[in-house]
Amino acid sequence: MRRSALAWLSLVAAAAALSAPRAAAVKSRPLLFGSRRATALGERRILRPVRRIRKGLPSGRWLLEYADLRPLDESSPECQIFLATNIVFFAAGGALVGSSPALALQLELAGMASVWYHYTQCCYGGTQHPSVQLAILLDYIFAVPTALRTLVLVLGLGGAVPPSALLAGVGSFAALAAGWVWDGPRAYMALHGAWHLLGALCVYEVAIAAAG
């Protein structure tokens, strides 16, 4: 009963997170980095050092670059459906509260960061906007540890990893990689949305298997 209630609370939180961007869309910019002063400070203190590091790495569209979703924006049905795919992180996190509370928290935080990143992506467009780049770094901060924790669980399970979890994991990374190649607005959102759905499913199934 308690786990069910927590799962429902998680879904309510997800709905609130997804509805907040639509309310903010009236101003056509996110609240957190909407301040020019805050964005300038983040660009100076965070983005510039990261950009210097990026210059020393192999060329390619990664780390700070992202898909340009124009002419679609945060008010378009496609972007709203894309943002809604993040609800799986909140649902999976809520379902894992009883068995894997630490991983559940990571999923919730990853979901919030993902909503924020993709909302700014929908809102600003382009491939180099500072607000989106700050949001994508926040997304990395929560997504990467969640993926690594799941990998540790997979290694611990060995041959006991559910085949469905392996399929979901492989499919999620295939969708992520494909989104870097086919990066037109609708193709990217379909592929990256699949990354969200399959990735959350993989984490959930691995966590359940590890807890059992």
# chains A, B, ... in the order shown; residues from 1 in each chain; ligands from 1
$ residues_around --residues "Ala160 of chain A" --least-positions-apart "2" --cutoff "12 Å" --atoms "only C-alpha atoms" --output "JSON, numbers by chain"
{"A": [153, 154, 155, 156, 157, 158, 162, 163, 164, 165, 166, 205, 206, 207, 208, 209, 210, 211, 212]}
$ closest_residue --among "A:Tyr140, A:Tyr119, A:Trp180, A:Tyr188" --to "Leu83 of chain A" --atoms "only C-alpha atoms"
A:Tyr119
$ atom_distance --atom1 "atom CA of Arg52 of chain A" --atom2 "atom CA of Phe173 of chain A"
27.6 Å
$ residues_around --residues "Leu107 of chain A" --least-positions-apart "3" --cutoff "8 Å" --atoms "only C-alpha atoms" --output "JSON, numbers by chain"
{"A": [89, 90, 92, 93, 103, 104, 110, 111, 146]}
$ atom_distance --atom1 "atom CA of Pro49 of chain A" --atom2 "atom CA of Gln106 of chain A"
26.3 Å
$ closest_residue --among "A:Ala143, A:Leu198, A:Tyr124, A:Ser172" --to "Ala67 of chain A" --atoms "only C-alpha atoms"
A:Tyr124
$ closest_residue --among "A:Leu109, A:Leu69, A:Val170, A:Val97" --to "Cys123 of chain A" --atoms "only C-alpha atoms"
A:Leu69
$ atom_distance --atom1 "atom CA of Pro185 of chain A" --atom2 "atom CA of Met112 of chain A"
21.7 Å
$ closest_residue --among "A:Cys202, A:Cys122, A:Ala91, A:Ala84" --to "Leu72 of chain A" --atoms "only C-alpha atoms"
A:Cys122
$ residues_around --residues "Leu197 of chain A" --least-positions-apart "6" --cutoff "8 Å" --atoms "only C-alpha atoms" --output "mmCIF file with C-alpha atoms, in the first residue's frame"
data_model
loop_
_atom_site.group_PDB
_atom_site.id
_atom_site.type_symbol
_atom_site.label_atom_id
_atom_site.label_comp_id
_atom_site.auth_asym_id
_atom_site.auth_seq_id
_atom_site.Cartn_x
_atom_site.Cartn_y
_atom_site.Cartn_z
ATOM 1 C CA THR A 85 8.220 10.499 -22.318
ATOM 2 C CA ASN A 86 10.172 11.577 -19.239
ATOM 3 C CA VAL A 88 8.698 6.910 -17.172
ATOM 4 C CA SER A 172 17.884 2.253 -25.501
#
$ residues_around --residues "Val132 of chain A" --least-positions-apart "4" --cutoff "7 Å" --atoms "only C-alpha atoms" --output "PyMOL selection string"
chain A and resi 117+120-121+136
$ write_last_selection --atoms "C-alpha atoms" --output "short mmCIF file (atom, residue, chain, number, x, y, z; two decimals), in the first residue's frame"
data_model
loop_
_atom_site.label_atom_id
_atom_site.label_comp_id
_atom_site.auth_asym_id
_atom_site.auth_seq_id
_atom_site.Cartn_x
_atom_site.Cartn_y
_atom_site.Cartn_z
CA TYR A 117 17.08 19.95 -20.48
CA THR A 120 15.04 24.37 -22.80
CA GLN A 121 15.96 22.51 -25.99
CA ILE A 136 22.42 19.43 -20.61
#
$ residues_around --residues "Leu137 of chain A" --least-positions-apart "4" --cutoff "10 Å" --atoms "only C-alpha atoms" --output "list of chain:residue names"
A:Ile46, A:Leu47, A:Val50, A:Leu63, A:Leu64, A:Ala113, A:Tyr117, A:Val132, A:Gln133, A:Ile141, A:Phe142, A:Ala143
$ write_last_selection --atoms "N, CA and C atoms" --output "PDB file, in the first residue's frame"
ATOM      1  N   ILE A  46      30.918  28.066 -15.665  1.00  0.00           N
ATOM      2  CA  ILE A  46      30.764  26.640 -15.965  1.00  0.00           C
ATOM      3  C   ILE A  46      31.060  26.321 -17.428  1.00  0.00           C
ATOM      4  N   LEU A  47      30.376  27.023 -18.337  1.00  0.00           N
ATOM      5  CA  LEU A  47      30.482  26.654 -19.744  1.00  0.00           C
ATOM      6  C   LEU A  47      31.855  26.942 -20.342  1.00  0.00           C
ATOM      7  N   VAL A  50      34.296  24.217 -19.518  1.00  0.00           N
ATOM      8  CA  VAL A  50      33.915  22.987 -20.217  1.00  0.00           C
ATOM      9  C   VAL A  50      34.236  23.103 -21.702  1.00  0.00           C
ATOM     10  N   LEU A  63      28.719  16.198 -26.119  1.00  0.00           N
ATOM     11  CA  LEU A  63      29.024  16.914 -24.881  1.00  0.00           C
ATOM     12  C   LEU A  63      28.157  18.151 -24.701  1.00  0.00           C
ATOM     13  N   LEU A  64      28.357  19.195 -25.534  1.00  0.00           N
ATOM     14  CA  LEU A  64      27.591  20.428 -25.350  1.00  0.00           C
ATOM     15  C   LEU A  64      26.624  20.712 -26.493  1.00  0.00           C
ATOM     16  N   ALA A 113      15.910  16.461 -14.259  1.00  0.00           N
ATOM     17  CA  ALA A 113      16.951  17.095 -15.069  1.00  0.00           C
ATOM     18  C   ALA A 113      16.658  16.930 -16.558  1.00  0.00           C
ATOM     19  N   TYR A 117      16.222  19.877 -19.296  1.00  0.00           N
ATOM     20  CA  TYR A 117      17.083  19.955 -20.480  1.00  0.00           C
ATOM     21  C   TYR A 117      16.253  19.989 -21.757  1.00  0.00           C
ATOM     22  N   VAL A 132      20.564  26.030 -22.724  1.00  0.00           N
ATOM     23  CA  VAL A 132      20.407  24.607 -23.028  1.00  0.00           C
ATOM     24  C   VAL A 132      21.676  23.850 -22.648  1.00  0.00           C
ATOM     25  N   GLN A 133      22.822  24.461 -22.888  1.00  0.00           N
ATOM     26  CA  GLN A 133      24.077  23.802 -22.543  1.00  0.00           C
ATOM     27  C   GLN A 133      24.225  23.628 -21.034  1.00  0.00           C
ATOM     28  N   ILE A 141      24.833  15.149 -15.096  1.00  0.00           N
ATOM     29  CA  ILE A 141      25.170  14.953 -13.682  1.00  0.00           C
ATOM     30  C   ILE A 141      24.298  13.878 -13.042  1.00  0.00           C
ATOM     31  N   PHE A 142      23.035  13.799 -13.470  1.00  0.00           N
ATOM     32  CA  PHE A 142      22.134  12.815 -12.877  1.00  0.00           C
ATOM     33  C   PHE A 142      21.995  11.547 -13.719  1.00  0.00           C
ATOM     34  N   ALA A 143      22.086  11.675 -15.039  1.00  0.00           N
ATOM     35  CA  ALA A 143      21.887  10.508 -15.903  1.00  0.00           C
ATOM     36  C   ALA A 143      23.072   9.547 -15.854  1.00  0.00           C
TER      37      ALA A 143
END
